[in-house]
Every structure is written in structure tokens, then in C-alpha cells.
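Remarks on the structure that follows.
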There are 2 protein chains.
Amino acid sequence: MPKRDDPRSVETRERLVGAAIELFGLAGFDGTTTRAIADKAGASLAAIPYHFTTKEKLYLAAASSIAEQVTQRLAPALKVLDAEIYSGALSRKKAITLLEESFIPFVTMLASRESEKWARFMLREQAAPTEAFEILYASDVGRFFRNVIHLTAIASGDVPGSQTARIRGLTLVGQALAFRAARALSLRTLEREDLGPEEIAAVTSSIREHIRLLRYL
Amino acid sequence: MPKRDDPRSVETRERLVGAAIELFGLAGFDGTTTRAIADKAGASLAAIPYHFTTKEKLYLAAASSIAEQVTQRLAPALKVLDAEIYSGALSRKKAITLLEESFIPFVTMLASRESEKWARFMLREQAAPTEAFEILYASDVGRFFRNVIHLTAIASGDVPGSQTARIRGLTLVGQALAFRAARALSLRTLEREDLGPEEIAAVTSSIREHIRLLRYL
DNA sequence: GTCTATAGTCGGATAGAC
DNA sequence: GTCTATCCGACTATAGAC
């Protein structure tokens with residue numbers, strides 16, 4: 001879509017993608033107008049068809065951008081996971097420790113201000129997947145989840161790759177996801193307007209406790 | 001909004017609300033056209049302003065209808081919870097058993113075909129709450145969650161009402177919610193097109209195991 | 001490369017016949 | 001109480017000036 005690598009062009013495109021992530025996340029594809037995106041990005045309406053041809057392609061560009069940014073946040077954890085998992089046999093104890101450590105950046109990211117818009121976008125894709133889900137799942141974001149699920153199996157003494165193990169892994173991911181996916185309920189329950197550092201720390205610590213409990217299975 | 005209790009009128013209204021729940025859940029408020037709702041309900045476009053005045057009020061009517069239907073599904077479990085919680089002191093062991101039993105109808109409902117549309121609607125409200133969230137939270141659906149969170153505190157040995165206890169309760173809810181909220185990821189992970197009875201049973205059994213682990217805290 | 005102006009489409013809500 | 005026909009506003013995408 002991009003015609004040239006002119007610095008002006010690159011900057012406009014980035015601003016448009018940033019505005020698109022935020023607005024598509026808030027109101028969905030149809031609920032978001034290209035006018036609103038252009039306004040928020042400080043660009044003209046015509047800049048969108050120029051850079052992205054259609055509204056759909058802008059939506060997919062937003063998904064790719066999210067995949068890149070989330071990957072960046074999870075990169076250190078992912079590097080460790082990859083190395084450990086493919087290096088050979090992993091003891092349950094070691095898997096539990098690795099899982100605990102993986103959830104720190106994951107929960108921290110989930111709680112960050114920036115991830116608010118990413119999460120909204122990705123959760124929308126869960127309920128009604130489009131091509132954007134494929135982009136996300138094919139990225140390192142998908143690989144992170146697959147690694148976490150694999151580790152959960154070892155930590156729990158389940159057969160890796162079995163449905164039981166996969167389901168347990170998903171319930172573990174769900175423990176963190178709840179605070180984004182059921183955000184309104186969470187805030188109401190915790191009597192907060194927003195999740196601050198204390199809450200994030202408490203969530204992380206709670207999930208780590210639950211991970212350690214897996215040793216009793 | 002309903003002008004009369006004419007059987008025809010009631011029926012048209014119900015069909016419109018049913019179509020609204022499904023379509024609003026799929027595409028959100030702005031993504032859903034009143035024309036599509038009228039078509040799906042087999043009514044004319046003019047029937048919507050006639051019965052509900054505005055599209056917005058139809059949206060709220062959809063939320064009320066969901067609250068009623070979900071309440072109906074959870075009513076037996078809720079009755080038991082209410083009776084046990086307000087009857088006096090509850091042992092950890094008893095709290096764990098009650099929690100396990102509460103999650104059976106909860107997960108079963110979450111997995112049911114019908115709840116698919118309810119869940120989509122409610123999860124949308126979590127990301128961008130409107131007045132509809134208040135309707136849902138004020139209903140017995142909200143009370144069910146509050147009871148579950150209270151029970152989790154007792155089951156875990158946490159101080160009921162503490163942030164730690166609330167957070168643990170939310171992570172527990174999240175274990176079940178994951179399969180709806182992160183539906184696309186779940187289906188991909190489980191290599192399924194849909195969650196069948198075997199998967200539901202496995203999810204329930206996995207969560208019950210995790211609830212029983214709370215005794216080690 | 002970015003803008004203003006505009007074409008063409010489709011949305012929600014209303015009017016009035018049945 | 002429900003329908004068809006219609007208004008009016010807002011949307012996406014294009015054309016052409018700068």
C-alpha cells in the first residue's frame with residue numbers, strides 16, 4: 001500500500017494505524033468511521049484510501065501493528081521459553097518456575113495502558129474472527145500462547161498435546177485474561193476506576209500461587 | 001414502549017429482541033442495522049421505532065432479556081448459594097464443594113449454544129460498558145458472581161472482601177470465561193470447530209480440580 | 001503527498017395507507 | 001398493529017487542485 005518511503009508518508013501511516021487500533025478496538029469495524037480515524041490521526045479523509053486503499057486493509061494493518069508491538073513486549077520471555085522448551089527434558093519443578101516467570105511480563109503487558117487498545121482489538125477478534133485473527137495467531141503472540149500451554153502440561157503432569165493439557169493451559173491463560181475480558185466486572189468487583197500497580201502485583205502474585213499449586217496434581 | 005398487550009404485539013417484540021441480541025452481539029451497536037434486525041425478526045423496519053422508540057432502547061431491552069434468561073439458567077445454583085452463604089459460618093471444605101457445584105451450571109451455560117449470543121453481547125459490554133452493563137450487573141447475574149467471589153475467599157482461606165480474595169475469585173471466573181472470551185484461540189488450540197459435550201466436561205473437570213487445589217493455600 | 005469538494009450508497013426514523 | 005414509501009443525514013471512496 002505504501003507508495004514511497006518519504007518520512008512524511010511513513011509518519012502519516014503510523015498515525016493512521018495508531019488511531020485505527022484505538023478506534024476499531026473501541027467500536028469495532030463498522031462502528032468506526034474512516035472520518036474519525038483520519039481526525040484522530042490529524043490527517044485528511046483521503047489519506048486512508050491513498051495509503052491503505054480500503055478501510056479493510058487499514059484494519060488488517062492495525063492487526064499487524066498490534067502483533068509487532070505485543071511481540072516486542074513478550075520477546076524476552078519468549079526467548080527464554082523457546083530455549084528451555086527445545087533444549088530437552090524439563091522437570092515439573094522447572095516448568096512451574098518458567099511458567100511463573102512467563103506470566104510476569106504477560107500480566108504486566110495485559111495491565112499496561114497501551115495494551116488496553118490492543119486487548120480490546122484482539123478480544124473483538126475472538127468473538128468474531130476475521131483475517132486479522134490469522135495475522136495475530138501466526139505471529140509470535142500465538143507462539144507465546146502455545147509455549148505457555150505446553151509448559152502448563154509439563155507443570156501439571158499432563159500429557160503434552162492432550163486435550164486435558166490444552167484445556168488446563170487455557171484456564172491458566174484465562175486467569176490473567178479475566179481482568180481484560182471481564183474488565184467492567186473486575187473493576188466493579190475491586191471497586192476501582194482502573195487497575196493500578198498494586199492490583200497488577202496482586203493479580204500476578206495470585207496467579208503465581210495458582211501455578212505453584214499445579215505441583216499437587 | 002409496548003403500547004398494548006395484544007398477543008401479536010408481544011410476539012413481534014420478542015422476535016425483535018431475539019434478533020437484536022444475536023446481531024448486536026455479533027457486530028456491536030453501530031455495526032448492526034435496524035434493517036437487519038427487522039429482517040431477521042420477520043418484521044418491518046417501522047416495527048422497531050413503534051415498539052422501542054429508538055435503536056438504543058432496543059439495545060437496552062436486549063440486555064434486560066439476557067439478564068432474565070441467564071438468571072433463569074443460574075437460578076437453582078443461586079438459590080443454594082444464597083441459602084448456604086447467609087445461613088452462617090461456612091467451612092473451607094464446604095465452600096470448596098459449593099464452588100465446584102456452582103461451576104457446573106456456569107460452565108454448562110457458558111458452553112451452551114444459546115449462551116453464545118448472550119456471551120458475545122456481555123463481553124462487548126465489558127470492553128466498552130454502557131447502561132446495559134448496569135442492567136446486567138444489577139440483575140441476579142451480578143449476584144451470582146458476587147457469591148462465587150465470596151465463596152472463593154472462604155475456600156482459599158482469604159479474608160472475605162479483601163482485594164486478594166476478590167482477585168482470586170476473578171481469576172477463578174476467568175478460567176471458565178476463557179473459553180468464551182478467547183474463543184478463537186481456544187478453538188484453534190483444541191483443534192475444534194466448536195466446543196462439544198466432551199470438551200465442556202473436560203473444562204468443568206479441570207476447573208473443579210483447580211478449585212480443590214485451593215485447599216493447599 | 002496531501003488536501004477540498006463531491007459522487008454514490010446506506011443508515012435511522014417518520015408519514016400515512018391498510 | 002403492521003406495513004410501504006420516503007426523508008434526511010452520514011458514510012466510504014473518488015476526482016482533481018495544490
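Numbering starts fresh at 1 for the residues of each chain in the C-alpha cells, the chains themselves are lettered A, B, ... in the order given, and ligands are numbered from 1 as they appear.
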If you take only C-alpha atoms (C1' of nucleotides) and a cut-off of 9 Å, which residues of chain B touch chain D, and what are their nearest atom pairs and distances in Å to one decimal, in chain and number order, as CSV?
```
residue,atom,partner,partner_atom,distance
B:Asp6,CA,D:DG1,C1',8.6
B:Arg8,CA,D:DG1,C1',7.8
B:Ser9,CA,D:DG1,C1',6.9
B:Ala43,CA,D:DT2,C1',8.3
B:Ser44,CA,D:DC3,C1',6.8
B:Ala46,CA,D:DC3,C1',8.0
B:Ala47,CA,D:DT2,C1',7.1
```
Return as a tab-separated table the residues of chain C lying at most 8 Å from chain A, together with the closest atom-to-atom pair for each and the distance in Å to one decimal, counting only C-alpha atoms (C1' of nucleotides), with rows in chain order and ascending residue number.
```
residue	atom	partner	partner_atom	distance
C:DG1	C1'	A:Ser9	CA	7.0
C:DT2	C1'	A:Ala47	CA	7.2
C:DC3	C1'	A:Ser44	CA	7.0
```
Would you mind exporting all heavy atoms of the selected residues as a JSON list (two decimals), in the first residue's frame?
```json
[["chain", "number", "residue", "atom", "x", "y", "z"],
["C", 1, "DG", "P", 4.77, 9.55, -2.11],
["C", 1, "DG", "OP1", 5.88, 9.16, -1.42],
["C", 1, "DG", "OP2", 3.95, 9.06, -3.10],
["C", 1, "DG", "O5'", 4.09, 10.86, -1.45],
["C", 1, "DG", "C5'", 4.86, 11.69, -0.63],
["C", 1, "DG", "C4'", 3.94, 12.62, 0.11],
["C", 1, "DG", "O4'", 3.37, 13.58, -0.81],
["C", 1, "DG", "C3'", 2.75, 11.93, 0.78],
["C", 1, "DG", "O3'", 2.59, 12.53, 2.07],
["C", 1, "DG", "C2'", 1.57, 12.21, -0.15],
["C", 1, "DG", "C1'", 1.95, 13.54, -0.76],
["C", 1, "DG", "N9", 1.48, 13.70, -2.14],
["C", 1, "DG", "C8", 1.48, 12.77, -3.15],
["C", 1, "DG", "N7", 1.00, 13.21, -4.27],
["C", 1, "DG", "C5", 0.66, 14.53, -4.00],
["C", 1, "DG", "C6", 0.08, 15.53, -4.82],
["C", 1, "DG", "O6", -0.25, 15.45, -6.02],
["C", 1, "DG", "N1", -0.09, 16.74, -4.14],
["C", 1, "DG", "C2", 0.25, 16.94, -2.83],
["C", 1, "DG", "N2", 0.01, 18.15, -2.34],
["C", 1, "DG", "N3", 0.78, 16.01, -2.05],
["C", 1, "DG", "C4", 0.95, 14.84, -2.70],
["C", 2, "DT", "P", 1.41, 12.18, 3.07],
["C", 2, "DT", "OP1", 1.97, 12.33, 4.43],
["C", 2, "DT", "OP2", 0.83, 10.90, 2.64],
["C", 2, "DT", "O5'", 0.35, 13.34, 2.87],
["C", 2, "DT", "C5'", 0.70, 14.68, 3.19],
["C", 2, "DT", "C4'", -0.40, 15.61, 2.72],
["C", 2, "DT", "O4'", -0.56, 15.48, 1.29],
["C", 2, "DT", "C3'", -1.78, 15.28, 3.31],
["C", 2, "DT", "O3'", -2.18, 16.33, 4.17],
["C", 2, "DT", "C2'", -2.70, 15.15, 2.10],
["C", 2, "DT", "C1'", -1.90, 15.79, 0.99],
["C", 2, "DT", "N1", -2.23, 15.23, -0.36],
["C", 2, "DT", "C2", -2.78, 16.06, -1.30],
["C", 2, "DT", "O2", -3.04, 17.23, -1.08],
["C", 2, "DT", "N3", -3.06, 15.47, -2.50],
["C", 2, "DT", "C4", -2.83, 14.14, -2.86],
["C", 2, "DT", "O4", -3.12, 13.72, -3.96],
["C", 2, "DT", "C5", -2.24, 13.33, -1.82],
["C", 2, "DT", "C7", -1.95, 11.89, -2.08],
["C", 2, "DT", "C6", -1.96, 13.90, -0.63],
["C", 3, "DC", "P", -3.61, 16.24, 4.92],
["C", 3, "DC", "OP1", -3.49, 16.95, 6.20],
["C", 3, "DC", "OP2", -4.04, 14.84, 4.92],
["C", 3, "DC", "O5'", -4.57, 17.08, 3.96],
["C", 3, "DC", "C5'", -4.52, 18.50, 4.00],
["C", 3, "DC", "C4'", -5.15, 19.08, 2.75],
["C", 3, "DC", "O4'", -4.77, 18.27, 1.62],
["C", 3, "DC", "C3'", -6.67, 19.04, 2.73],
["C", 3, "DC", "O3'", -7.19, 20.21, 3.34],
["C", 3, "DC", "C2'", -7.00, 18.96, 1.25],
["C", 3, "DC", "C1'", -5.76, 18.38, 0.61],
["C", 3, "DC", "N1", -5.95, 17.03, 0.00],
["C", 3, "DC", "C2", -6.44, 16.94, -1.31],
["C", 3, "DC", "O2", -6.72, 17.98, -1.92],
["C", 3, "DC", "N3", -6.60, 15.73, -1.88],
["C", 3, "DC", "C4", -6.29, 14.62, -1.17],
["C", 3, "DC", "N4", -6.45, 13.44, -1.78],
["C", 3, "DC", "C5", -5.80, 14.68, 0.17],
["C", 3, "DC", "C6", -5.65, 15.90, 0.71]]
```
Distance of atom CA of B:Ala27 from atom CA of A:Ile48, expressed in Å to one decimal place: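 Taking atom CA of A:Ile48 as the start and atom CA of B:Ala27 as the end point, the length is 22.7 Å.
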7 Å contacts from chain B to chain A using only C-alpha atoms, as a VMD selection string: chain B and resid 26 30 to 31 120 123 126 to 129 163 to 164 166 to 168 170 to 172 174 to 178 181 to 186 189 to 190 202 to 203 206 213
Excluding C:DG12 and any residue of its chain fewer than 5 positions from it, enumerate the residues within 9 Å of it, using only C-alpha atoms (C1' of nucleotides), and give them as a list in words. Thr33, Thr34, Thr54 and Lys55 of chain B
List every residue of stretch 18-165 of chain B that DSSP, applied to the backbone of this structure, assigns to alpha helix (DSSP H), and report them as an MDAnalysis selection string. chainID B and resid 18:31 34:41 47:52 55:85 92:111 113:127 131:138 140:156 163:165
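Our summary of the geometry notes that atom CA of A:Gly18 is positioned 22.5 Å from atom CA of A:Pro105.
Take atom CA of B:Val148 and atom CA of A:Leu99: the distance between them is 26.5 Å.
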